[in-house]
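As stored in entry_26.cif (mmCIF, C-alpha atoms):
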```cif
data_work
loop_
_atom_site.label_atom_id
_atom_site.label_comp_id
_atom_site.auth_asym_id
_atom_site.auth_seq_id
_atom_site.Cartn_x
_atom_site.Cartn_y
_atom_site.Cartn_z
CA MET A 441 0.00 0.00 0.00
CA SER A 442 1.31 3.43 -0.86
CA GLU A 443 2.48 5.54 2.00
CA THR A 444 0.73 8.89 2.62
CA ILE A 445 3.07 11.81 3.17
CA LYS A 446 2.61 15.42 4.23
CA PHE A 447 4.42 18.42 2.82
CA THR A 448 3.81 22.14 2.38
CA ILE A 449 3.67 24.43 -0.66
CA ASP A 450 4.00 28.13 0.17
CA GLY A 451 2.93 27.18 3.71
CA LYS A 452 -0.23 25.32 2.60
CA GLU A 453 -0.43 21.81 4.05
CA CYS A 454 -0.66 19.15 1.35
CA GLN A 455 -0.96 15.37 1.22
CA GLY A 456 0.37 12.97 -1.35
CA THR A 457 1.72 9.50 -1.80
CA LYS A 458 5.41 8.79 -1.33
CA GLY A 459 7.27 8.93 -4.62
CA GLN A 460 4.53 10.80 -6.46
CA LEU A 461 5.95 13.58 -8.62
CA LEU A 462 5.75 16.92 -6.88
CA VAL A 463 3.94 18.60 -9.77
CA ASP A 464 1.18 15.94 -9.73
CA ALA A 465 0.93 15.90 -5.94
CA ALA A 466 0.59 19.69 -5.99
CA ALA A 467 -2.20 19.51 -8.60
CA ASP A 468 -4.06 16.95 -6.43
CA ASN A 469 -3.97 19.52 -3.64
CA GLY A 470 -5.26 22.33 -5.85
CA VAL A 471 -1.87 23.97 -6.32
CA TYR A 472 -0.95 24.78 -9.89
CA ILE A 473 2.71 24.46 -10.82
CA PRO A 474 3.08 25.40 -14.51
CA VAL A 475 4.25 22.74 -16.97
CA LEU A 476 5.08 22.62 -20.66
CA CYS A 477 6.96 19.34 -21.13
CA HIS A 478 5.30 17.38 -18.33
CA MET A 479 2.25 15.15 -18.74
CA ARG A 480 0.88 13.03 -15.95
CA ASP A 481 1.73 9.30 -16.13
CA LEU A 482 4.47 9.91 -18.67
CA ILE A 483 8.16 9.39 -17.90
CA PRO A 484 9.32 12.92 -16.99
CA ALA A 485 11.54 14.80 -19.41
CA GLY A 486 12.44 17.76 -17.22
CA SER A 487 13.37 19.74 -20.30
CA CYS A 488 11.48 23.03 -20.05
CA ARG A 489 12.17 23.94 -16.37
CA ILE A 490 9.05 26.09 -16.17
CA CYS A 491 7.99 24.02 -13.12
CA THR A 492 11.07 25.07 -11.13
CA VAL A 493 10.29 25.37 -7.41
CA LYS A 494 12.43 25.70 -4.32
CA VAL A 495 12.54 22.60 -2.14
CA ASN A 496 14.22 22.94 1.23
CA GLY A 497 16.28 25.83 -0.13
CA ARG A 498 17.28 24.27 -3.48
CA ASN A 499 15.87 24.90 -6.97
CA MET A 500 14.31 21.73 -8.36
CA ALA A 501 12.13 20.81 -11.35
CA ALA A 502 8.81 19.80 -9.79
CA CYS A 503 8.15 17.38 -12.67
CA THR A 504 11.19 15.23 -11.86
CA THR A 505 11.26 15.56 -8.07
CA PRO A 506 9.33 12.98 -6.01
CA ALA A 507 7.29 14.34 -3.11
CA GLU A 508 8.79 13.47 0.26
CA GLU A 509 7.57 13.67 3.83
CA GLY A 510 8.12 17.10 5.36
CA MET A 511 9.18 18.92 2.17
CA ALA A 512 8.83 22.70 2.32
CA VAL A 513 8.15 23.85 -1.25
CA GLU A 514 8.19 27.45 -2.47
CA ASN A 515 6.05 27.92 -5.57
CA ASN A 516 4.36 31.28 -6.07
CA THR A 517 7.06 33.50 -4.56
CA PRO A 518 8.13 36.69 -6.38
CA GLU A 519 11.47 35.00 -7.12
CA PHE A 520 9.83 32.07 -8.91
CA LEU A 521 7.22 34.14 -10.68
CA ASP A 522 10.11 36.09 -12.22
CA ILE A 523 12.16 32.97 -13.04
CA ARG A 524 9.16 31.46 -14.83
CA LYS A 525 8.44 34.67 -16.67
CA ALA A 526 12.08 34.69 -17.79
CA ILE A 527 11.79 31.10 -19.04
CA VAL A 528 8.63 31.94 -21.01
CA GLU A 529 10.42 34.97 -22.48
CA MET A 530 13.43 32.85 -23.43
CA LEU A 531 11.17 30.37 -25.22
CA PHE A 532 9.47 33.24 -27.06
CA VAL A 533 12.74 34.75 -28.35
CA GLU A 534 14.36 31.42 -29.16
CA GLY A 535 11.70 30.33 -31.65
CA ASN A 536 9.63 32.38 -34.06
CA HIS A 537 6.34 32.75 -32.22
CA PHE A 538 4.07 34.92 -34.37
CA CYS A 539 0.93 34.60 -32.28
CA PRO A 540 -1.32 36.64 -34.64
CA ALA A 541 -0.68 34.15 -37.46
CA CYS A 542 -0.76 30.94 -35.43
CA GLU A 543 -3.60 28.41 -35.58
CA LYS A 544 -2.92 27.41 -31.98
CA SER A 545 -3.30 30.97 -30.66
CA GLY A 546 -5.78 31.00 -27.79
CA ASN A 547 -5.23 27.27 -27.18
CA CYS A 548 -1.46 27.50 -26.72
CA ASP A 549 0.08 26.67 -23.34
CA LEU A 550 3.18 28.80 -23.93
CA GLN A 551 1.07 31.82 -24.88
CA ALA A 552 -1.21 31.20 -21.89
CA LEU A 553 1.82 31.25 -19.59
CA GLY A 554 2.82 34.54 -21.22
CA TYR A 555 -0.62 35.85 -20.21
CA LYS A 556 -0.39 34.35 -16.73
CA TYR A 557 2.95 35.97 -16.00
CA GLN A 558 1.93 39.19 -17.81
CA MET A 559 4.71 39.10 -20.34
CA MET A 560 4.47 42.40 -22.21
CA VAL A 561 7.82 42.08 -23.98
CA PRO A 562 10.68 39.60 -23.57
CA ARG A 563 13.74 40.96 -21.77
CA PHE A 564 16.01 39.06 -24.21
CA PRO A 565 16.77 39.93 -27.85
CA TYR A 566 14.90 37.97 -30.51
CA ALA A 567 16.93 35.28 -32.28
CA PHE A 568 14.82 35.12 -35.49
CA GLU A 569 16.37 31.84 -36.57
CA ARG A 570 15.36 30.32 -39.85
CA ARG A 571 13.63 26.99 -39.37
CA GLU A 572 12.07 24.83 -42.06
CA ILE A 573 8.45 23.72 -42.12
CA ASP A 574 7.60 20.10 -43.00
CA ALA A 575 4.21 19.81 -44.70
CA THR A 576 4.96 16.59 -46.60
CA THR A 577 2.87 14.22 -44.50
CA PRO A 578 -0.87 13.83 -45.23
CA LYS A 579 -2.31 14.80 -41.83
CA ILE A 580 0.25 17.00 -40.06
CA PHE A 581 2.01 20.32 -40.51
CA LEU A 582 5.29 20.40 -38.61
CA GLU A 583 5.84 24.11 -37.91
CA ARG A 584 9.35 24.01 -36.45
CA ASN A 585 9.43 27.78 -35.83
CA ARG A 586 7.26 27.14 -32.79
CA CYS A 587 8.85 23.97 -31.36
CA ILE A 588 10.03 24.33 -27.76
CA PHE A 589 11.62 20.83 -27.60
CA CYS A 590 9.30 19.51 -24.89
CA LYS A 591 9.48 16.02 -26.41
CA ARG A 592 5.81 15.29 -25.65
CA CYS A 593 5.11 14.08 -29.20
CA VAL A 594 8.22 11.88 -29.17
CA ARG A 595 7.16 10.28 -25.89
CA VAL A 596 3.43 9.88 -26.58
CA ILE A 597 2.68 9.43 -30.28
CA LYS A 598 3.35 5.89 -31.51
CA ASP A 599 2.04 3.79 -34.38
CA GLU A 600 0.12 0.51 -33.90
CA GLU A 601 3.33 -1.41 -33.34
CA GLY A 602 4.64 1.06 -30.77
CA ARG A 603 7.13 2.75 -33.07
CA ASN A 604 7.86 6.47 -32.65
CA ILE A 605 6.36 8.75 -35.31
CA PHE A 606 8.23 11.83 -34.07
CA ALA A 607 11.93 12.04 -33.21
CA PHE A 608 14.65 14.57 -32.50
CA LYS A 609 17.50 15.04 -34.95
CA GLY A 610 20.80 16.81 -34.26
CA ARG A 611 22.15 18.25 -31.05
CA GLY A 612 22.53 21.65 -29.42
CA ASN A 613 21.47 24.52 -31.68
CA THR A 614 20.91 22.18 -34.63
CA LEU A 615 18.38 20.10 -32.71
CA GLU A 616 15.06 19.82 -34.54
CA ILE A 617 11.88 17.83 -34.36
CA ASN A 618 11.26 15.43 -37.22
CA ILE A 619 8.43 13.24 -38.41
CA ASP A 620 8.82 9.76 -39.89
CA ARG A 621 7.14 10.14 -43.27
CA LYS A 622 6.33 6.47 -43.78
CA LEU A 623 4.81 6.02 -40.36
CA ALA A 624 3.09 9.42 -40.53
CA ALA A 625 1.29 8.26 -43.67
CA THR A 626 -0.44 5.62 -41.57
CA MET A 627 -1.62 8.08 -38.90
CA THR A 628 -5.35 8.06 -38.20
CA ASP A 629 -7.32 11.28 -37.70
CA GLU A 630 -7.53 10.49 -33.98
CA ILE A 631 -3.76 10.13 -33.58
CA ALA A 632 -3.16 13.31 -35.61
CA GLN A 633 -5.64 15.17 -33.41
CA LYS A 634 -3.98 13.80 -30.29
CA ALA A 635 -0.56 14.90 -31.55
CA MET A 636 -1.90 18.41 -32.09
CA ASP A 637 -3.63 18.46 -28.70
CA ILE A 638 -0.60 17.39 -26.67
CA CYS A 639 1.71 19.85 -28.43
CA PRO A 640 1.88 22.75 -25.94
CA VAL A 641 2.56 25.20 -28.78
CA GLY A 642 1.55 25.43 -32.44
CA CYS A 643 4.29 23.19 -33.82
CA ILE A 644 2.14 20.15 -34.61
CA LEU A 645 -0.98 21.16 -36.52
CA LYS A 646 -3.62 18.90 -37.95
CA LYS A 647 -4.27 19.79 -41.56
CA GLU A 648 -7.62 21.16 -42.80
CA ILE A 649 -8.98 22.31 -39.43
CA GLY A 650 -7.17 25.63 -38.88
CA PHE A 651 -8.84 28.25 -36.65
CA VAL A 652 -11.72 25.91 -35.79
CA ASN A 653 -12.64 27.79 -32.58
CA PRO A 654 -13.55 31.46 -32.97
CA ILE A 655 -11.87 34.13 -30.83
CA GLY A 656 -13.65 34.28 -27.49
CA GLN A 657 -14.33 30.52 -27.39
CA ARG A 658 -10.77 29.29 -27.19
CA LYS A 659 -9.25 27.53 -24.20
CA TYR A 660 -7.41 30.48 -22.65
CA ASP A 661 -9.49 33.43 -23.89
CA THR A 662 -11.16 34.00 -20.54
CA MET A 663 -9.66 31.39 -18.18
CA PRO A 664 -6.00 31.71 -17.16
CA ILE A 665 -4.00 28.50 -17.51
CA GLY A 666 -4.05 26.45 -14.30
CA SER A 667 -7.34 27.87 -13.06
CA ASP A 668 -9.01 24.45 -13.59
CA ILE A 669 -6.59 22.95 -11.05
CA GLU A 670 -6.93 25.85 -8.62
CA ASN A 671 -10.74 25.99 -8.87
CA ASN A 672 -11.19 22.25 -8.33
CA HIS A 673 -10.02 22.43 -4.75
CA GLN A 674 -11.57 25.57 -3.34
CA MET B 150 -2.41 73.26 -16.70
CA SER B 151 -2.20 72.49 -20.41
CA LYS B 152 -3.37 69.14 -21.68
CA PRO B 153 -0.87 66.32 -22.25
CA ILE B 154 0.17 66.02 -25.90
CA ILE B 155 0.07 62.73 -27.79
CA ALA B 156 1.84 61.84 -31.04
CA THR B 157 1.31 58.59 -32.95
CA THR B 158 2.86 56.91 -35.96
CA SER B 159 2.68 53.74 -37.98
CA LEU B 160 6.08 52.31 -38.99
CA ALA B 161 6.14 48.80 -40.49
CA GLY B 162 2.55 48.16 -39.48
CA CYS B 163 -0.80 47.76 -41.20
CA PHE B 164 -2.62 50.65 -39.50
CA GLY B 165 -4.71 48.08 -37.65
CA CYS B 166 -3.42 49.44 -34.34
CA HIS B 167 -4.54 52.93 -35.33
CA MET B 168 -7.93 51.48 -36.23
CA ALA B 169 -7.94 49.94 -32.74
CA ILE B 170 -7.34 53.41 -31.27
CA LEU B 171 -10.45 54.57 -33.15
CA ASP B 172 -12.31 51.55 -31.72
CA ILE B 173 -12.67 53.51 -28.48
CA ASP B 174 -15.79 54.81 -30.29
CA ALA B 175 -17.61 57.65 -28.49
CA ARG B 176 -14.86 57.86 -25.88
CA ILE B 177 -12.93 59.79 -28.52
CA LEU B 178 -14.91 62.83 -27.30
CA GLN B 179 -13.58 62.28 -23.77
CA LEU B 180 -10.11 61.78 -25.23
CA ILE B 181 -10.22 65.20 -26.87
CA ASP B 182 -11.04 66.69 -23.43
CA LEU B 183 -8.11 64.82 -21.88
CA VAL B 184 -5.33 65.28 -24.42
CA GLU B 185 -4.14 67.22 -27.42
CA PHE B 186 -2.79 65.51 -30.56
CA ASN B 187 0.35 66.56 -32.39
CA LYS B 188 2.15 64.59 -35.14
CA SER B 189 -0.20 61.74 -36.02
CA PRO B 190 -2.01 60.19 -38.98
CA ILE B 191 -5.22 60.87 -37.06
CA ASP B 192 -4.94 64.68 -37.45
CA ASP B 193 -2.50 64.53 -40.39
CA ILE B 194 0.15 66.69 -38.70
CA LYS B 195 3.26 65.50 -40.51
CA THR B 196 6.10 66.92 -38.38
CA PHE B 197 6.47 67.66 -34.69
CA THR B 198 5.40 71.22 -33.90
CA LYS B 199 5.63 70.76 -30.11
CA GLU B 200 7.39 68.59 -27.59
CA CYS B 201 5.04 65.72 -26.73
CA ASP B 202 4.30 63.80 -23.57
CA ILE B 203 3.29 60.45 -25.05
CA GLY B 204 4.40 58.86 -28.32
CA ILE B 205 2.47 55.82 -29.51
CA ILE B 206 4.35 53.62 -31.98
CA GLU B 207 2.65 51.11 -34.23
CA GLY B 208 4.84 48.74 -36.27
CA GLY B 209 8.47 47.69 -36.12
CA CYS B 210 11.41 49.01 -38.12
CA CYS B 211 11.88 47.50 -41.59
CA ASN B 212 13.70 50.38 -43.33
CA SER B 213 15.88 53.44 -42.71
CA GLU B 214 12.90 55.81 -42.69
CA ASN B 215 11.25 53.82 -39.86
CA ILE B 216 14.45 54.20 -37.82
CA HIS B 217 14.56 57.94 -38.52
CA VAL B 218 10.92 58.44 -37.49
CA LEU B 219 11.33 56.30 -34.37
CA LYS B 220 14.41 58.29 -33.27
CA GLU B 221 12.49 61.55 -33.87
CA PHE B 222 9.73 60.22 -31.62
CA ARG B 223 12.25 59.34 -28.92
CA LYS B 224 13.70 62.85 -29.19
CA HIS B 225 10.34 64.66 -28.97
CA CYS B 226 8.30 62.41 -26.62
CA LYS B 227 8.78 61.94 -22.90
CA ILE B 228 7.14 58.51 -22.90
CA LEU B 229 7.10 56.01 -25.77
CA ILE B 230 4.61 53.16 -26.01
CA SER B 231 5.04 50.17 -28.33
CA LEU B 232 1.52 49.46 -29.52
CA GLY B 233 0.83 45.99 -30.89
CA GLU B 234 2.81 42.91 -31.88
CA CYS B 235 4.72 44.50 -34.79
CA ALA B 236 6.18 47.25 -32.58
CA ILE B 237 6.90 44.72 -29.83
CA MET B 238 8.37 41.83 -31.81
CA GLY B 239 8.37 42.77 -35.50
CA GLY B 240 5.07 41.02 -36.16
CA LEU B 241 4.13 39.68 -39.57
CA PRO B 242 6.71 41.81 -41.46
CA ALA B 243 9.33 39.99 -39.36
CA LEU B 244 8.35 36.71 -41.02
CA ARG B 245 11.13 37.64 -43.46
CA ASN B 246 13.71 37.69 -40.66
CA GLY B 247 16.05 34.77 -41.10
CA ILE B 248 15.71 35.00 -44.90
CA PRO B 249 18.47 37.09 -46.54
CA VAL B 250 17.20 40.44 -47.93
CA LYS B 251 18.54 39.60 -51.39
CA GLU B 252 16.45 36.44 -51.47
CA CYS B 253 13.33 38.40 -50.39
CA LEU B 254 13.82 41.11 -53.01
CA GLU B 255 14.47 38.61 -55.78
CA GLU B 256 11.35 36.68 -54.85
CA ALA B 257 9.28 39.87 -54.78
CA TYR B 258 10.58 41.58 -57.93
CA LEU B 259 12.13 38.90 -60.14
CA ASN B 260 11.14 35.32 -59.47
CA GLY B 261 7.78 35.37 -57.68
CA PRO B 262 4.74 33.91 -59.52
CA THR B 263 2.91 37.27 -59.43
CA VAL B 264 5.79 39.34 -60.83
CA GLY B 265 4.63 41.21 -63.95
CA ARG B 266 6.80 42.49 -66.78
CA ASN B 267 10.08 43.39 -65.11
CA THR B 268 11.99 42.74 -68.32
CA GLU B 269 15.01 44.77 -67.22
CA ARG B 270 15.08 42.77 -64.01
CA ILE B 271 15.34 45.85 -61.79
CA LEU B 272 15.23 45.75 -58.02
CA PRO B 273 13.87 49.06 -56.61
CA ASN B 274 16.96 51.26 -56.32
CA ASP B 275 15.79 54.89 -56.52
CA GLU B 276 17.76 56.97 -54.06
CA GLU B 277 14.50 58.50 -52.79
CA LEU B 278 13.45 55.11 -51.48
CA PRO B 279 14.38 54.28 -47.89
CA MET B 280 16.95 51.50 -47.51
CA ILE B 281 15.46 48.20 -46.49
CA LEU B 282 17.07 46.75 -43.34
CA ASP B 283 18.67 43.34 -42.99
CA LYS B 284 15.72 42.31 -40.85
CA VAL B 285 12.67 43.84 -39.15
CA TYR B 286 13.59 45.17 -35.72
CA PRO B 287 11.29 45.48 -32.71
CA CYS B 288 11.19 49.15 -31.63
CA HIS B 289 12.86 48.51 -28.27
CA GLU B 290 15.93 47.13 -30.05
CA ILE B 291 16.38 50.59 -31.69
CA VAL B 292 15.40 53.10 -28.94
CA LYS B 293 14.30 52.87 -25.34
CA ILE B 294 10.59 52.07 -25.09
CA ASP B 295 8.80 52.78 -21.82
CA TYR B 296 5.59 50.76 -22.08
CA TYR B 297 4.20 47.90 -24.16
CA LEU B 298 0.61 47.15 -25.14
CA PRO B 299 0.40 43.74 -26.82
CA GLY B 300 -2.25 42.54 -29.23
CA CYS B 301 -2.90 42.23 -32.93
CA PRO B 302 -4.43 44.68 -32.66
CA PRO B 303 -4.43 45.62 -28.97
CA LYS B 304 -7.99 45.88 -27.69
CA ALA B 305 -9.45 49.39 -27.66
CA ASP B 306 -10.33 48.97 -23.97
CA LEU B 307 -6.67 48.21 -23.24
CA ILE B 308 -5.43 51.26 -25.14
CA TRP B 309 -8.05 53.42 -23.45
CA ALA B 310 -7.24 52.12 -19.97
CA ALA B 311 -3.49 52.57 -20.49
CA VAL B 312 -3.70 56.10 -21.92
CA VAL B 313 -6.17 57.26 -19.25
CA ALA B 314 -4.00 55.76 -16.48
CA LEU B 315 -0.93 57.47 -17.90
CA VAL B 316 -2.66 60.85 -18.23
CA THR B 317 -4.49 60.80 -14.90
CA GLY B 318 -1.80 58.98 -12.91
CA ASP B 319 -4.33 56.42 -11.68
CA GLU B 320 -3.27 52.83 -11.13
CA LEU B 321 -3.74 50.55 -14.13
CA ASN B 322 -5.62 47.32 -13.41
CA ILE B 323 -5.92 45.27 -16.55
CA PRO B 324 -8.45 42.42 -16.62
CA TYR B 325 -7.11 39.06 -17.93
CA GLU B 326 -9.26 39.21 -21.07
CA LEU B 327 -7.72 42.44 -22.31
CA VAL B 328 -4.10 41.38 -22.79
CA LYS B 329 -3.82 39.00 -25.73
CA PHE B 330 -1.05 38.46 -28.25
CA ASP B 331 -3.44 38.03 -31.19
#
```
This structure in structure tokens:
Amino acid sequence: MSETIKFTIDGKECQGTKGQLLVDAAADNGVYIPVLCHMRDLIPAGSCRICTVKVNGRNMAACTTPAEEGMAVENNTPEFLDIRKAIVEMLFVEGNHFCPACEKSGNCDLQALGYKYQMMVPRFPYAFERREIDATTPKIFLERNRCIFCKRCVRVIKDEEGRNIFAFKGRGNTLEINIDRKLAATMTDEIAQKAMDICPVGCILKKEIGFVNPIGQRKYDTMPIGSDIENNHQ
Amino acid sequence: MSKPIIATTSLAGCFGCHMAILDIDARILQLIDLVEFNKSPIDDIKTFTKECDIGIIEGGCCNSENIHVLKEFRKHCKILISLGECAIMGGLPALRNGIPVKECLEEAYLNGPTVGRNTERILPNDEELPMILDKVYPCHEIVKIDYYLPGCPPKADLIWAAVVALVTGDELNIPYELVKFD
């Protein structure tokens, strides 16, 4: 039987099970820790660092850190609000995020975090790198300008035999997301939709359904990201 | 006390942000009570005739004339506001960033499918034309910008709230719905 543990986040007493990832345990207690690469029940990647919190005085990624008895976690402190804002800003300048022209606008987690942390302008200079788009597969646009290298698609989207449809190529500043054209040709509409839905930005787009939700009815038009978690436990 | 003076301009923008200013509708009558306009497409004053308090910039910088105008605004305005995505991050004109200028010009004037009869294969080179820059620059990478109002275009309620707060000195409380990047 799993062992129940107690810990605190910003002084709020929380309960979880031993070994449960901090970010999930926090969500179960109605505390939102922002994520971009993390998905519950998936092996953590720890790549985006937006979930950085302070645990007993040390900065840790809440998506890779297991909850332990007696942990004192700092989450919504001014220090961490600024660190997260800086991470969002870095992601915005690193890629080419033209929100006005993006099909994912309004449903985009990165953009929603920009709203949450009131990003008016990034503090870093824009990189404006040239990245190629891959539109060769029947169901998916791969818009690399917007990829934030969260690796969700690589970890989640498989074909019927469990083979990866998406993969990383290169290292460092040549790293890019790629799609296996043969396997992509076998993708069903459901899998293509799932790939688009799990992409936290507008990198993976399902063809032929652009701008399906009008402005005002999109996911983050009126509800800040994370408010579902926070409202569930009031 | 005299009224605060506002100047506005559209650099590499589409005038959508200026249309959004006009979206304040009947509040434009209140605006006239609050402020005076100087150089702006709204009153068609082409050069600064007074020192201004607030300069509102639409669009980023894509050519030498944009840079000149932006620097003039910095010189003559106490406070500069970047209005909209193009001023803040280059916006849609910045889609050409990352592509060499030569490639862009050749596509536009020589090789593109909609190019008409350019039999002499001339790229625009009249000395009266402003020089096109290597890329489109956000305004704050050229001069210091004091405030930013995002949106494509920014919502009229956001522009109104920001300008009124700036003029009256009241605190600005922006509802979540008003700040959007699209």
Env of stretch 245-254 of chain B: 10 Å cut, atoms = only C-alpha atoms, seq-sep filter 4 positions within chain, self excluded. Answer as a PyMOL selection string. (chain A and resi 536+567-571) or (chain B and resi 239+241+258-261+272-273+281-286)
Report as a count of residues only the full result of the PyMOL selection byres ((chain B) within 12 of (chain A)) when it is applied to this structure. 49
Counting all atoms listed in the file, figure out which residue out of A:Arg563, A:Thr504, A:Asp574, A:Gly486 gets nearest to A:Asp522. A:Arg563
Name the residues that the PyMOL selection byres ((chain A and resi 450) around 9) picks from the file above, as a PyMOL selection string, using the file's chain letters and numbers. chain A and resi 448-449+451-453+512-517
Show me, as a PDB file with C-alpha atoms, in the coordinates of the input, the residues that have an atom within 9 Å of stretch 582-595 of chain A when counting all atoms listed in the file, minus same-chain residues fewer than 2 positions from it.
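That gives us out-v9.pdb:
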```pdb
ATOM      1  CA  LEU A 476       5.080  22.620 -20.660  1.00  0.00           C
ATOM      2  CA  CYS A 477       6.960  19.340 -21.130  1.00  0.00           C
ATOM      3  CA  HIS A 478       5.300  17.380 -18.330  1.00  0.00           C
ATOM      4  CA  MET A 479       2.250  15.150 -18.740  1.00  0.00           C
ATOM      5  CA  LEU A 482       4.470   9.910 -18.670  1.00  0.00           C
ATOM      6  CA  ILE A 483       8.160   9.390 -17.900  1.00  0.00           C
ATOM      7  CA  ALA A 485      11.540  14.800 -19.410  1.00  0.00           C
ATOM      8  CA  GLY A 486      12.440  17.760 -17.220  1.00  0.00           C
ATOM      9  CA  SER A 487      13.370  19.740 -20.300  1.00  0.00           C
ATOM     10  CA  CYS A 488      11.480  23.030 -20.050  1.00  0.00           C
ATOM     11  CA  LEU A 531      11.170  30.370 -25.220  1.00  0.00           C
ATOM     12  CA  PHE A 532       9.470  33.240 -27.060  1.00  0.00           C
ATOM     13  CA  GLU A 534      14.360  31.420 -29.160  1.00  0.00           C
ATOM     14  CA  GLY A 535      11.700  30.330 -31.650  1.00  0.00           C
ATOM     15  CA  ASN A 536       9.630  32.380 -34.060  1.00  0.00           C
ATOM     16  CA  HIS A 537       6.340  32.750 -32.220  1.00  0.00           C
ATOM     17  CA  PHE A 538       4.070  34.920 -34.370  1.00  0.00           C
ATOM     18  CA  GLU A 569      16.370  31.840 -36.570  1.00  0.00           C
ATOM     19  CA  ARG A 570      15.360  30.320 -39.850  1.00  0.00           C
ATOM     20  CA  ARG A 571      13.630  26.990 -39.370  1.00  0.00           C
ATOM     21  CA  GLU A 572      12.070  24.830 -42.060  1.00  0.00           C
ATOM     22  CA  ILE A 573       8.450  23.720 -42.120  1.00  0.00           C
ATOM     23  CA  ASP A 574       7.600  20.100 -43.000  1.00  0.00           C
ATOM     24  CA  ALA A 575       4.210  19.810 -44.700  1.00  0.00           C
ATOM     25  CA  THR A 576       4.960  16.590 -46.600  1.00  0.00           C
ATOM     26  CA  THR A 577       2.870  14.220 -44.500  1.00  0.00           C
ATOM     27  CA  ILE A 580       0.250  17.000 -40.060  1.00  0.00           C
ATOM     28  CA  ILE A 597       2.680   9.430 -30.280  1.00  0.00           C
ATOM     29  CA  LYS A 598       3.350   5.890 -31.510  1.00  0.00           C
ATOM     30  CA  ASN A 604       7.860   6.470 -32.650  1.00  0.00           C
ATOM     31  CA  ILE A 605       6.360   8.750 -35.310  1.00  0.00           C
ATOM     32  CA  PHE A 606       8.230  11.830 -34.070  1.00  0.00           C
ATOM     33  CA  ALA A 607      11.930  12.040 -33.210  1.00  0.00           C
ATOM     34  CA  PHE A 608      14.650  14.570 -32.500  1.00  0.00           C
ATOM     35  CA  LEU A 615      18.380  20.100 -32.710  1.00  0.00           C
ATOM     36  CA  GLU A 616      15.060  19.820 -34.540  1.00  0.00           C
ATOM     37  CA  ILE A 617      11.880  17.830 -34.360  1.00  0.00           C
ATOM     38  CA  ASN A 618      11.260  15.430 -37.220  1.00  0.00           C
ATOM     39  CA  ILE A 619       8.430  13.240 -38.410  1.00  0.00           C
ATOM     40  CA  ALA A 635      -0.560  14.900 -31.550  1.00  0.00           C
ATOM     41  CA  MET A 636      -1.900  18.410 -32.090  1.00  0.00           C
ATOM     42  CA  ILE A 638      -0.600  17.390 -26.670  1.00  0.00           C
ATOM     43  CA  CYS A 639       1.710  19.850 -28.430  1.00  0.00           C
ATOM     44  CA  PRO A 640       1.880  22.750 -25.940  1.00  0.00           C
ATOM     45  CA  VAL A 641       2.560  25.200 -28.780  1.00  0.00           C
ATOM     46  CA  GLY A 642       1.550  25.430 -32.440  1.00  0.00           C
ATOM     47  CA  CYS A 643       4.290  23.190 -33.820  1.00  0.00           C
ATOM     48  CA  ILE A 644       2.140  20.150 -34.610  1.00  0.00           C
ATOM     49  CA  LEU A 645      -0.980  21.160 -36.520  1.00  0.00           C
TER      50      LEU A 645
END
```
Nearest to B:Cys211, chosen from B:Val264, B:Val292, B:Gly162, B:Ala305, with all atoms listed in the file counted in the distances: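 When distances to B:Cys211 are compared using all atoms listed in the file, the smallest one comes from B:Gly162.
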Rounded to one decimal place, report the atom CA of B:Ala311-atom CA of B:Cys163 distance in Å.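 So the answer is 21.4 Å.
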Closest contacts (stretch 198-274 of chain B/stretch 166-188 of chain B, max 12 Å, only C-alpha atoms) as CSV:
```
residue,atom,partner,partner_atom,distance
B:Thr198,CA,B:Asn187,CA,7.0
B:Lys199,CA,B:Asn187,CA,7.1
B:Glu200,CA,B:Asn187,CA,8.8
B:Cys201,CA,B:Asn187,CA,7.4
B:Asp202,CA,B:Val184,CA,9.8
B:Ile203,CA,B:Phe186,CA,9.6
B:Gly204,CA,B:Lys188,CA,9.2
B:Ile205,CA,B:His167,CA,9.6
B:Ile206,CA,B:Cys166,CA,9.1
B:Glu207,CA,B:Cys166,CA,6.3
B:Gly208,CA,B:Cys166,CA,8.5
B:Val218,CA,B:Lys188,CA,11.0
B:Glu221,CA,B:Lys188,CA,10.9
B:Phe222,CA,B:Lys188,CA,9.4
B:His225,CA,B:Lys188,CA,10.3
B:Cys226,CA,B:Asn187,CA,10.7
B:Ser231,CA,B:Cys166,CA,10.4
B:Leu232,CA,B:Cys166,CA,6.9
B:Gly233,CA,B:Cys166,CA,6.5
B:Glu234,CA,B:Cys166,CA,9.4
B:Cys235,CA,B:Cys166,CA,9.5
B:Ala236,CA,B:Cys166,CA,10.0
```
Quote the spacing between atom CA of A:Gly456 and atom CA of A:Gly497 in Å to one decimal place.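 The value is 20.5 Å.
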